[in-house]
Every structure is written in C-alpha cells, then in structure tokens.
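*Asks:* To be precise about what I am sending: the file is called data-v6.cif and holds mmCIF, N, CA, C and O atoms.
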```cif
data_entry
loop_
_atom_site.label_atom_id
_atom_site.label_comp_id
_atom_site.auth_asym_id
_atom_site.auth_seq_id
_atom_site.Cartn_x
_atom_site.Cartn_y
_atom_site.Cartn_z
N MET A 1292 98.59 107.99 121.14
CA MET A 1292 98.14 107.76 119.80
C MET A 1292 98.94 108.66 118.86
O MET A 1292 99.06 109.84 119.08
N ARG A 1293 99.44 108.10 117.79
CA ARG A 1293 100.22 108.85 116.83
C ARG A 1293 99.33 109.42 115.75
O ARG A 1293 98.45 108.77 115.24
N SER A 1294 99.57 110.65 115.37
CA SER A 1294 98.79 111.26 114.30
C SER A 1294 99.49 111.14 112.96
O SER A 1294 98.91 111.47 111.93
N ASP A 1295 100.73 110.66 112.95
CA ASP A 1295 101.48 110.59 111.71
C ASP A 1295 101.53 109.18 111.14
O ASP A 1295 102.44 108.81 110.44
N VAL A 1296 100.51 108.39 111.44
CA VAL A 1296 100.47 107.01 110.96
C VAL A 1296 100.36 107.03 109.45
O VAL A 1296 99.52 107.71 108.88
N ALA A 1297 101.24 106.31 108.80
CA ALA A 1297 101.21 106.24 107.34
C ALA A 1297 101.27 104.79 106.91
O ALA A 1297 101.85 103.95 107.59
N LEU A 1298 100.63 104.51 105.80
CA LEU A 1298 100.73 103.19 105.21
C LEU A 1298 101.83 103.26 104.16
O LEU A 1298 101.60 103.70 103.04
N ASP A 1299 103.02 102.88 104.56
CA ASP A 1299 104.16 102.95 103.66
C ASP A 1299 104.17 101.73 102.75
O ASP A 1299 104.25 100.60 103.21
N VAL A 1300 104.08 101.99 101.46
CA VAL A 1300 104.16 100.92 100.49
C VAL A 1300 105.14 101.33 99.41
O VAL A 1300 105.33 102.51 99.12
N ARG A 1301 105.79 100.34 98.83
CA ARG A 1301 106.72 100.60 97.75
C ARG A 1301 105.95 101.02 96.50
O ARG A 1301 104.75 100.74 96.37
N GLY A 1302 106.62 101.66 95.60
CA GLY A 1302 106.00 102.15 94.37
C GLY A 1302 105.29 101.08 93.57
O GLY A 1302 104.19 101.29 93.06
N ASP A 1303 105.91 99.89 93.44
CA ASP A 1303 105.28 98.83 92.65
C ASP A 1303 104.02 98.32 93.35
O ASP A 1303 103.02 97.99 92.70
N THR A 1304 104.02 98.29 94.69
CA THR A 1304 102.84 97.86 95.43
C THR A 1304 101.74 98.90 95.29
O THR A 1304 100.57 98.55 95.08
N GLU A 1305 102.10 100.17 95.39
CA GLU A 1305 101.12 101.24 95.22
C GLU A 1305 100.48 101.16 93.83
O GLU A 1305 99.26 101.27 93.69
N HIS A 1306 101.29 100.95 92.83
CA HIS A 1306 100.78 100.84 91.46
C HIS A 1306 99.81 99.66 91.33
O HIS A 1306 98.75 99.79 90.72
N ARG A 1307 100.17 98.55 91.94
CA ARG A 1307 99.30 97.35 91.90
C ARG A 1307 97.99 97.61 92.63
O ARG A 1307 96.92 97.23 92.15
N LEU A 1308 98.05 98.27 93.81
CA LEU A 1308 96.84 98.58 94.56
C LEU A 1308 95.92 99.50 93.76
O LEU A 1308 94.70 99.30 93.73
N ARG A 1309 96.49 100.49 93.11
CA ARG A 1309 95.69 101.40 92.28
C ARG A 1309 95.01 100.65 91.15
O ARG A 1309 93.83 100.87 90.87
N ALA A 1310 95.77 99.78 90.49
CA ALA A 1310 95.21 99.01 89.37
C ALA A 1310 94.09 98.08 89.84
O ALA A 1310 93.06 97.96 89.19
N LEU A 1311 94.30 97.43 90.99
CA LEU A 1311 93.28 96.54 91.52
C LEU A 1311 92.01 97.31 91.89
O LEU A 1311 90.89 96.85 91.63
N MET A 1312 92.17 98.47 92.49
CA MET A 1312 91.01 99.26 92.88
C MET A 1312 90.27 99.76 91.65
O MET A 1312 89.03 99.74 91.61
N ALA A 1313 91.00 100.18 90.63
CA ALA A 1313 90.35 100.64 89.39
C ALA A 1313 89.57 99.48 88.76
O ALA A 1313 88.43 99.67 88.31
N ALA A 1314 90.15 98.29 88.75
CA ALA A 1314 89.46 97.12 88.20
C ALA A 1314 88.24 96.78 89.05
O ALA A 1314 87.18 96.43 88.53
N ALA A 1315 88.38 96.89 90.37
CA ALA A 1315 87.26 96.61 91.26
C ALA A 1315 86.13 97.61 91.03
O ALA A 1315 84.95 97.24 91.05
N GLN A 1316 86.47 98.86 90.79
CA GLN A 1316 85.45 99.86 90.51
C GLN A 1316 84.70 99.54 89.22
O GLN A 1316 83.54 99.91 89.06
N ASP A 1317 85.37 98.84 88.31
CA ASP A 1317 84.75 98.44 87.05
C ASP A 1317 84.01 97.11 87.17
O ASP A 1317 83.53 96.58 86.17
N GLY A 1318 83.97 96.54 88.37
CA GLY A 1318 83.19 95.32 88.60
C GLY A 1318 83.97 94.02 88.61
O GLY A 1318 83.37 92.94 88.65
N ASP A 1319 85.30 94.07 88.59
CA ASP A 1319 86.12 92.85 88.61
C ASP A 1319 86.16 92.28 90.03
O ASP A 1319 86.87 92.80 90.90
N ARG A 1320 85.42 91.20 90.25
CA ARG A 1320 85.34 90.60 91.59
C ARG A 1320 86.67 90.00 92.04
O ARG A 1320 87.01 90.07 93.21
N GLY A 1321 87.39 89.41 91.12
CA GLY A 1321 88.69 88.83 91.46
C GLY A 1321 89.67 89.89 91.93
O GLY A 1321 90.40 89.70 92.90
N ALA A 1322 89.69 91.01 91.22
CA ALA A 1322 90.57 92.12 91.60
C ALA A 1322 90.17 92.66 92.96
O ALA A 1322 91.03 92.97 93.79
N TYR A 1323 88.86 92.75 93.21
CA TYR A 1323 88.38 93.27 94.48
C TYR A 1323 88.77 92.34 95.63
O TYR A 1323 89.24 92.79 96.67
N SER A 1324 88.64 91.06 95.41
CA SER A 1324 89.01 90.07 96.42
C SER A 1324 90.51 90.16 96.74
O SER A 1324 90.91 90.16 97.90
N GLU A 1325 91.33 90.27 95.70
CA GLU A 1325 92.77 90.39 95.91
C GLU A 1325 93.11 91.70 96.62
O GLU A 1325 93.96 91.74 97.51
N LEU A 1326 92.44 92.77 96.23
CA LEU A 1326 92.67 94.07 96.88
C LEU A 1326 92.39 93.99 98.37
O LEU A 1326 93.20 94.43 99.19
N LEU A 1327 91.26 93.41 98.74
CA LEU A 1327 90.90 93.30 100.16
C LEU A 1327 91.92 92.45 100.91
O LEU A 1327 92.28 92.76 102.05
N ARG A 1328 92.38 91.38 100.28
CA ARG A 1328 93.39 90.52 100.91
C ARG A 1328 94.68 91.30 101.16
O ARG A 1328 95.30 91.18 102.22
N LEU A 1329 95.08 92.14 100.21
CA LEU A 1329 96.30 92.93 100.36
C LEU A 1329 96.12 94.06 101.39
O LEU A 1329 97.08 94.47 102.04
N CYS A 1330 94.91 94.56 101.52
CA CYS A 1330 94.65 95.66 102.45
C CYS A 1330 94.66 95.21 103.91
O CYS A 1330 95.01 95.99 104.79
N ASP A 1331 94.28 93.97 104.17
CA ASP A 1331 94.15 93.48 105.55
C ASP A 1331 95.39 93.76 106.40
O ASP A 1331 95.27 94.39 107.45
N PRO A 1332 96.59 93.32 105.99
CA PRO A 1332 97.76 93.58 106.87
C PRO A 1332 98.09 95.07 106.99
O PRO A 1332 98.57 95.52 108.03
N MET A 1333 97.80 95.84 105.95
CA MET A 1333 98.07 97.28 106.02
C MET A 1333 97.15 97.94 107.04
O MET A 1333 97.58 98.80 107.81
N ILE A 1334 95.89 97.52 107.05
CA ILE A 1334 94.92 98.08 108.00
C ILE A 1334 95.30 97.67 109.42
O ILE A 1334 95.22 98.47 110.35
N ARG A 1335 95.71 96.42 109.60
CA ARG A 1335 96.12 95.95 110.93
C ARG A 1335 97.27 96.79 111.47
O ARG A 1335 97.28 97.18 112.63
N ARG A 1336 98.26 97.06 110.62
CA ARG A 1336 99.40 97.89 111.04
C ARG A 1336 98.94 99.29 111.42
O ARG A 1336 99.34 99.83 112.45
N ALA A 1337 98.08 99.88 110.60
CA ALA A 1337 97.59 101.23 110.89
C ALA A 1337 96.81 101.25 112.20
O ALA A 1337 96.96 102.18 113.00
N ALA A 1338 95.98 100.24 112.43
CA ALA A 1338 95.19 100.18 113.67
C ALA A 1338 96.11 100.08 114.88
O ALA A 1338 95.92 100.79 115.87
N ARG A 1339 97.10 99.20 114.80
CA ARG A 1339 98.03 99.05 115.94
C ARG A 1339 98.80 100.34 116.18
O ARG A 1339 98.98 100.76 117.33
N ARG A 1340 99.24 100.99 115.12
CA ARG A 1340 99.99 102.25 115.28
C ARG A 1340 99.12 103.37 115.83
O ARG A 1340 99.62 104.30 116.45
N THR A 1341 97.82 103.29 115.58
CA THR A 1341 96.89 104.30 116.08
C THR A 1341 96.59 104.07 117.56
O THR A 1341 96.05 104.94 118.22
N GLY A 1342 96.93 102.90 118.07
CA GLY A 1342 96.72 102.62 119.49
C GLY A 1342 95.58 101.67 119.78
O GLY A 1342 95.18 101.52 120.94
N VAL A 1343 95.05 101.02 118.76
CA VAL A 1343 93.97 100.06 118.97
C VAL A 1343 94.54 98.85 119.70
O VAL A 1343 95.54 98.28 119.27
N PRO A 1344 93.93 98.44 120.83
CA PRO A 1344 94.41 97.28 121.56
C PRO A 1344 94.26 95.99 120.72
O PRO A 1344 93.38 95.92 119.86
N PRO A 1345 95.12 95.01 120.97
CA PRO A 1345 95.10 93.78 120.17
C PRO A 1345 93.73 93.11 120.07
O PRO A 1345 93.39 92.57 119.01
N ASP A 1346 92.95 93.18 121.13
CA ASP A 1346 91.64 92.50 121.08
C ASP A 1346 90.61 93.25 120.24
O ASP A 1346 89.53 92.71 119.96
N LEU A 1347 90.93 94.45 119.78
CA LEU A 1347 90.00 95.22 118.95
C LEU A 1347 90.49 95.43 117.52
O LEU A 1347 89.80 96.06 116.71
N VAL A 1348 91.67 94.90 117.20
CA VAL A 1348 92.23 95.10 115.86
C VAL A 1348 91.32 94.50 114.79
O VAL A 1348 91.09 95.12 113.74
N ASP A 1349 90.78 93.31 115.03
CA ASP A 1349 89.88 92.69 114.05
C ASP A 1349 88.67 93.58 113.78
O ASP A 1349 88.20 93.69 112.65
N ASP A 1350 88.15 94.21 114.83
CA ASP A 1350 87.01 95.11 114.66
C ASP A 1350 87.41 96.32 113.81
O ASP A 1350 86.63 96.77 112.95
N ALA A 1351 88.59 96.85 114.03
CA ALA A 1351 89.07 97.99 113.24
C ALA A 1351 89.21 97.60 111.77
O ALA A 1351 88.85 98.37 110.87
N VAL A 1352 89.73 96.39 111.53
CA VAL A 1352 89.87 95.92 110.15
C VAL A 1352 88.49 95.80 109.50
O VAL A 1352 88.28 96.28 108.38
N GLN A 1353 87.55 95.19 110.21
CA GLN A 1353 86.21 95.00 109.65
C GLN A 1353 85.54 96.34 109.35
O GLN A 1353 84.95 96.52 108.28
N GLU A 1354 85.64 97.28 110.25
CA GLU A 1354 85.02 98.59 110.03
C GLU A 1354 85.69 99.33 108.88
O GLU A 1354 85.02 100.01 108.09
N THR A 1355 87.00 99.20 108.76
CA THR A 1355 87.72 99.85 107.66
C THR A 1355 87.33 99.23 106.33
O THR A 1355 87.07 99.95 105.35
N LEU A 1356 87.27 97.91 106.27
CA LEU A 1356 86.89 97.25 105.02
C LEU A 1356 85.45 97.57 104.64
O LEU A 1356 85.15 97.73 103.45
N THR A 1357 84.58 97.69 105.61
CA THR A 1357 83.19 98.07 105.33
C THR A 1357 83.13 99.48 104.75
O THR A 1357 82.42 99.74 103.77
N THR A 1358 83.90 100.39 105.34
CA THR A 1358 83.94 101.76 104.84
C THR A 1358 84.55 101.79 103.44
O THR A 1358 84.04 102.48 102.55
N LEU A 1359 85.62 101.03 103.23
CA LEU A 1359 86.23 100.96 101.90
C LEU A 1359 85.19 100.48 100.89
O LEU A 1359 85.06 101.06 99.81
N HIS A 1360 84.44 99.45 101.25
CA HIS A 1360 83.43 98.92 100.34
C HIS A 1360 82.37 99.98 100.01
O HIS A 1360 82.00 100.16 98.85
N ASN A 1361 81.89 100.66 101.04
CA ASN A 1361 80.84 101.66 100.83
C ASN A 1361 81.33 102.90 100.09
O ASN A 1361 80.53 103.58 99.44
N ALA A 1362 82.61 103.19 100.18
CA ALA A 1362 83.16 104.40 99.56
C ALA A 1362 84.02 104.11 98.33
O ALA A 1362 84.65 105.02 97.79
N ARG A 1363 84.02 102.87 97.87
CA ARG A 1363 84.96 102.49 96.79
C ARG A 1363 84.77 103.31 95.52
O ARG A 1363 85.73 103.54 94.79
N GLN A 1364 83.56 103.76 95.23
CA GLN A 1364 83.36 104.53 94.00
C GLN A 1364 83.87 105.97 94.12
O GLN A 1364 83.99 106.66 93.12
N THR A 1365 84.21 106.40 95.33
CA THR A 1365 84.73 107.75 95.51
C THR A 1365 86.24 107.81 95.30
O THR A 1365 86.80 108.91 95.21
N TYR A 1366 86.89 106.65 95.23
CA TYR A 1366 88.35 106.64 95.05
C TYR A 1366 88.71 107.10 93.64
O TYR A 1366 88.14 106.64 92.65
N ASP A 1367 89.68 107.98 93.55
CA ASP A 1367 90.20 108.48 92.28
C ASP A 1367 91.50 107.73 91.98
O ASP A 1367 92.51 107.94 92.67
N PRO A 1368 91.51 106.85 90.96
CA PRO A 1368 92.71 106.05 90.66
C PRO A 1368 93.97 106.85 90.32
O PRO A 1368 95.06 106.30 90.31
N SER A 1369 93.82 108.14 90.06
CA SER A 1369 95.02 108.95 89.79
C SER A 1369 95.70 109.39 91.08
O SER A 1369 96.78 109.96 91.05
N ARG A 1370 95.07 109.11 92.22
CA ARG A 1370 95.61 109.49 93.53
C ARG A 1370 96.17 108.27 94.24
O ARG A 1370 95.77 107.14 93.95
N PRO A 1371 97.07 108.45 95.21
CA PRO A 1371 97.65 107.31 95.94
C PRO A 1371 96.59 106.52 96.72
O PRO A 1371 95.82 107.09 97.50
N PHE A 1372 96.55 105.22 96.49
CA PHE A 1372 95.59 104.37 97.17
C PHE A 1372 95.95 104.20 98.64
O PHE A 1372 95.08 104.23 99.51
N ALA A 1373 97.23 103.99 98.94
CA ALA A 1373 97.65 103.74 100.32
C ALA A 1373 97.30 104.92 101.23
O ALA A 1373 96.89 104.73 102.38
N ALA A 1374 97.43 106.13 100.73
CA ALA A 1374 97.07 107.31 101.53
C ALA A 1374 95.57 107.35 101.78
O ALA A 1374 95.12 107.66 102.89
N TRP A 1375 94.79 107.02 100.76
CA TRP A 1375 93.33 106.99 100.89
C TRP A 1375 92.91 105.94 101.92
O TRP A 1375 92.13 106.21 102.82
N LEU A 1376 93.47 104.74 101.78
CA LEU A 1376 93.16 103.67 102.71
C LEU A 1376 93.65 104.01 104.12
O LEU A 1376 92.96 103.75 105.10
N GLY A 1377 94.83 104.59 104.23
CA GLY A 1377 95.38 104.96 105.53
C GLY A 1377 94.50 105.95 106.27
O GLY A 1377 94.29 105.84 107.49
N THR A 1378 93.95 106.91 105.54
CA THR A 1378 93.04 107.88 106.15
C THR A 1378 91.79 107.19 106.68
O THR A 1378 91.36 107.44 107.81
N ILE A 1379 91.23 106.30 105.89
CA ILE A 1379 90.05 105.55 106.33
C ILE A 1379 90.39 104.71 107.55
O ILE A 1379 89.65 104.69 108.54
N ALA A 1380 91.51 103.99 107.50
CA ALA A 1380 91.90 103.11 108.62
C ALA A 1380 92.11 103.90 109.90
O ALA A 1380 91.67 103.47 110.98
N ARG A 1381 92.78 105.04 109.82
CA ARG A 1381 92.99 105.86 111.01
C ARG A 1381 91.67 106.36 111.59
O ARG A 1381 91.45 106.31 112.79
N ARG A 1382 90.81 106.84 110.73
CA ARG A 1382 89.53 107.37 111.21
C ARG A 1382 88.66 106.29 111.83
O ARG A 1382 88.03 106.52 112.87
N ARG A 1383 88.61 105.13 111.22
CA ARG A 1383 87.82 104.03 111.80
C ARG A 1383 88.45 103.56 113.10
O ARG A 1383 87.74 103.21 114.05
N SER A 1384 89.77 103.56 113.20
CA SER A 1384 90.45 103.16 114.43
C SER A 1384 90.15 104.14 115.56
O SER A 1384 89.87 103.73 116.69
N VAL A 1385 90.20 105.42 115.26
CA VAL A 1385 89.90 106.44 116.27
C VAL A 1385 88.44 106.33 116.70
O VAL A 1385 88.12 106.41 117.89
N ASP A 1386 87.55 106.13 115.74
CA ASP A 1386 86.13 105.94 116.08
C ASP A 1386 85.95 104.75 117.01
O ASP A 1386 85.19 104.82 117.98
N LEU A 1387 86.65 103.67 116.73
CA LEU A 1387 86.57 102.47 117.55
C LEU A 1387 87.10 102.73 118.96
O LEU A 1387 86.48 102.31 119.95
N LEU A 1388 88.20 103.45 119.07
CA LEU A 1388 88.76 103.78 120.38
C LEU A 1388 87.80 104.66 121.18
O LEU A 1388 87.62 104.45 122.38
N ARG A 1389 87.18 105.61 120.53
CA ARG A 1389 86.22 106.47 121.22
C ARG A 1389 85.02 105.66 121.71
O ARG A 1389 84.57 105.83 122.84
N ARG A 1390 84.50 104.80 120.84
CA ARG A 1390 83.35 103.98 121.21
C ARG A 1390 83.69 103.04 122.36
O ARG A 1390 82.92 102.88 123.30
N ALA A 1391 84.88 102.44 122.30
CA ALA A 1391 85.31 101.53 123.37
C ALA A 1391 85.44 102.29 124.69
O ALA A 1391 85.08 101.77 125.75
N GLY A 1392 85.96 103.51 124.64
CA GLY A 1392 86.08 104.33 125.85
C GLY A 1392 84.73 104.67 126.45
O GLY A 1392 84.54 104.60 127.67
N ARG A 1393 83.78 105.02 125.60
CA ARG A 1393 82.43 105.32 126.10
C ARG A 1393 81.80 104.08 126.70
O ARG A 1393 81.15 104.15 127.75
N ASN A 1394 81.98 102.93 126.06
CA ASN A 1394 81.40 101.69 126.59
C ASN A 1394 81.99 101.32 127.94
O ASN A 1394 81.28 100.87 128.83
N ARG A 1395 83.30 101.50 128.09
CA ARG A 1395 83.95 101.16 129.37
C ARG A 1395 83.41 102.03 130.50
O ARG A 1395 83.27 101.57 131.62
N ARG A 1396 83.13 103.30 130.20
CA ARG A 1396 82.60 104.19 131.24
C ARG A 1396 81.20 103.80 131.67
O ARG A 1396 80.80 104.03 132.79
N ARG A 1397 80.43 103.21 130.76
CA ARG A 1397 79.03 102.87 131.06
C ARG A 1397 78.86 101.47 131.64
O ARG A 1397 77.87 101.19 132.27
N GLU A 1398 79.81 100.58 131.36
CA GLU A 1398 79.67 99.20 131.81
C GLU A 1398 79.92 99.08 133.31
O GLU A 1398 80.78 99.73 133.87
N VAL A 1399 79.16 98.20 133.91
CA VAL A 1399 79.30 97.91 135.33
C VAL A 1399 79.74 96.45 135.46
O VAL A 1399 79.09 95.56 134.91
N TYR A 1400 80.82 96.23 136.19
CA TYR A 1400 81.31 94.86 136.33
C TYR A 1400 80.97 94.33 137.70
O TYR A 1400 80.97 94.99 138.67
#
```
In structure tokens, what does this structure look like?

*Replies:*
Amino acid sequence: MRSDVALDVRGDTEHRLRALMAAAQDGDRGAYSELLRLCDPMIRRAARRTGVPPDLVDDAVQETLTTLHNARQTYDPSRPFAAWLGTIARRRSVDLLRRAGRNRRREVY
C-alpha cells in the first residue's frame, strides 16, 4: 500500500472543483451533481493506488462519496479540493481494507 497517493489534477480542474464545491455548499444541486460525477474517477484511482482490490473499488467510492456528503460543509474553498478529497478517499480505502481483512479472518468457507 502506498502512502504517497495523490489526486493529481491540473490547475484549471482544481479551480473548477473548488468552484463546484463552493456552489454545492450554497445549495446548488446541479453543481453538486457535477462535482460528484467528476470525483468518481478520481476516487477510483485513489482506491486502486491504495491497494483496494477491484471487487471492492465500488465500495470505496461509495464510502468516500458518503463521507464527502456528510463533511461537505467543513470544506474550505480557499484550500485545494483534490487534496481534501484525496485524504478522504485514502482514509476510506484503508478503512475498507481493514474491515475486509477482519471479515476474511472470521469467515468460514
């Protein structure tokens, strides 16, 4: 598992993500929908780089998007969005890997 996983985005993409998140925080549903659509492939990349197996990537995406939704008001638009999202994605991916490991130890086939 790599600890240096980063969500690399170009400056114009970062600016767009920040603007969409700020609009979403103000209640713009269209901006929020577009933001989530743009985040999906970034989260998938972060999950794969963190070591999440292919059959669990969708779960990592779902957990990350749920956390993003629950924590969206804590985001500061003056800070990089990709770094904020990357931290959430990595943490949810690691949580998923830990949970999967515990489940495998307990399951009997």

*Asks:* Taking the file above as input, evaluate the PyMOL selection byres ((chain A and resi 1379-1388) around 6) and report the hits as a PyMOL selection string.

*Replies:* chain A and resi 1334+1337-1338+1343+1351+1354-1355+1374-1378+1389-1393

*Asks:* Find the distance between CA of Pro1332 (chain A) and CA of Asp1350 (chain A) and write it in Å to one decimal.

*Replies:* 13.4 Å

*Asks:* Rank A:Arg1339, A:Ala1310, A:Leu1327, A:Ala1322 by their smallest atom-to-atom distance to Leu1356 (chain A), using all atoms listed in the file, and report the top residue only.

*Replies:*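 Among the listed residues, the smallest separation from Leu1356 (chain A) belongs to A:Leu1327.
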
*Asks:* Around all the atoms of region 1343-1351 of chain A listed in the file, with 4 Å of room on each side, what axis-aligned box do you get, giving centre and edge lengths in Å to one decimal, as lines of an AutoDock Vina configuration file?

*Replies:*
```
center_x = 91.1
center_y = 96.8
center_z = 116.2
size_x = 16.9
size_y = 16.5
size_z = 18.7
```

*Asks:* Is it possible to get the residues within 7 Å of (96.7, 105.4, 90.6) (coordinates as in the file, counting all atoms listed in the file) written as a PDB file with N, CA, C and O atoms, in the coordinates of the input?

*Replies:*
```
ATOM      1  N   GLU A1305     102.100 100.170  95.390  1.00  0.00           N
ATOM      2  CA  GLU A1305     101.120 101.240  95.220  1.00  0.00           C
ATOM      3  C   GLU A1305     100.480 101.160  93.830  1.00  0.00           C
ATOM      4  O   GLU A1305      99.260 101.270  93.690  1.00  0.00           O
ATOM      5  N   HIS A1306     101.290 100.950  92.830  1.00  0.00           N
ATOM      6  CA  HIS A1306     100.780 100.840  91.460  1.00  0.00           C
ATOM      7  C   HIS A1306      99.810  99.660  91.330  1.00  0.00           C
ATOM      8  O   HIS A1306      98.750  99.790  90.720  1.00  0.00           O
ATOM      9  N   LEU A1308      98.050  98.270  93.810  1.00  0.00           N
ATOM     10  CA  LEU A1308      96.840  98.580  94.560  1.00  0.00           C
ATOM     11  C   LEU A1308      95.920  99.500  93.760  1.00  0.00           C
ATOM     12  O   LEU A1308      94.700  99.300  93.730  1.00  0.00           O
ATOM     13  N   ARG A1309      96.490 100.490  93.110  1.00  0.00           N
ATOM     14  CA  ARG A1309      95.690 101.400  92.280  1.00  0.00           C
ATOM     15  C   ARG A1309      95.010 100.650  91.150  1.00  0.00           C
ATOM     16  O   ARG A1309      93.830 100.870  90.870  1.00  0.00           O
ATOM     17  N   ALA A1310      95.770  99.780  90.490  1.00  0.00           N
ATOM     18  CA  ALA A1310      95.210  99.010  89.370  1.00  0.00           C
ATOM     19  C   ALA A1310      94.090  98.080  89.840  1.00  0.00           C
ATOM     20  O   ALA A1310      93.060  97.960  89.190  1.00  0.00           O
ATOM     21  N   ASP A1367      89.680 107.980  93.550  1.00  0.00           N
ATOM     22  CA  ASP A1367      90.200 108.480  92.280  1.00  0.00           C
ATOM     23  C   ASP A1367      91.500 107.730  91.980  1.00  0.00           C
ATOM     24  O   ASP A1367      92.510 107.940  92.670  1.00  0.00           O
ATOM     25  N   PRO A1368      91.510 106.850  90.960  1.00  0.00           N
ATOM     26  CA  PRO A1368      92.710 106.050  90.660  1.00  0.00           C
ATOM     27  C   PRO A1368      93.970 106.850  90.320  1.00  0.00           C
ATOM     28  O   PRO A1368      95.060 106.300  90.310  1.00  0.00           O
ATOM     29  N   SER A1369      93.820 108.140  90.060  1.00  0.00           N
ATOM     30  CA  SER A1369      95.020 108.950  89.790  1.00  0.00           C
ATOM     31  C   SER A1369      95.700 109.390  91.080  1.00  0.00           C
ATOM     32  O   SER A1369      96.780 109.960  91.050  1.00  0.00           O
ATOM     33  N   ARG A1370      95.070 109.110  92.220  1.00  0.00           N
ATOM     34  CA  ARG A1370      95.610 109.490  93.530  1.00  0.00           C
ATOM     35  C   ARG A1370      96.170 108.270  94.240  1.00  0.00           C
ATOM     36  O   ARG A1370      95.770 107.140  93.950  1.00  0.00           O
ATOM     37  N   PRO A1371      97.070 108.450  95.210  1.00  0.00           N
ATOM     38  CA  PRO A1371      97.650 107.310  95.940  1.00  0.00           C
ATOM     39  C   PRO A1371      96.590 106.520  96.720  1.00  0.00           C
ATOM     40  O   PRO A1371      95.820 107.090  97.500  1.00  0.00           O
ATOM     41  N   PHE A1372      96.550 105.220  96.490  1.00  0.00           N
ATOM     42  CA  PHE A1372      95.590 104.370  97.170  1.00  0.00           C
ATOM     43  C   PHE A1372      95.950 104.200  98.640  1.00  0.00           C
ATOM     44  O   PHE A1372      95.080 104.230  99.510  1.00  0.00           O
TER      45      PHE A1372
END
```

*Asks:* Determine which residues of region 1298-1350 of chain A receive a DSSP assignment of helix (DSSP H, G or I), computed from the backbone, and state them as a PyMOL selection string.

*Replies:* chain A and resi 1302-1316+1320-1341+1345-1350

*Asks:* Let me know the residues the PyMOL selection byres (((chain A and resi 1324 and name CA) around 12) and name CA) catches in the file above, as a ChimeraX atom specification.

*Replies:* /A:1308,1311-1312,1314-1316,1318-1323,1325-1331,1356,1360

*Asks:* Please measure the separation of atom O of Gly1342 (chain A) and atom N of Val1300 (chain A), giving the value in Å to one decimal.

*Replies:* 21.4 Å

*Asks:* Do you have the atom O of Met1333 (chain A)-atom C of Asp1317 (chain A) distance handy?

*Replies:*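 Separation between atom O of Met1333 (chain A) and atom C of Asp1317 (chain A): 24.8 Å.
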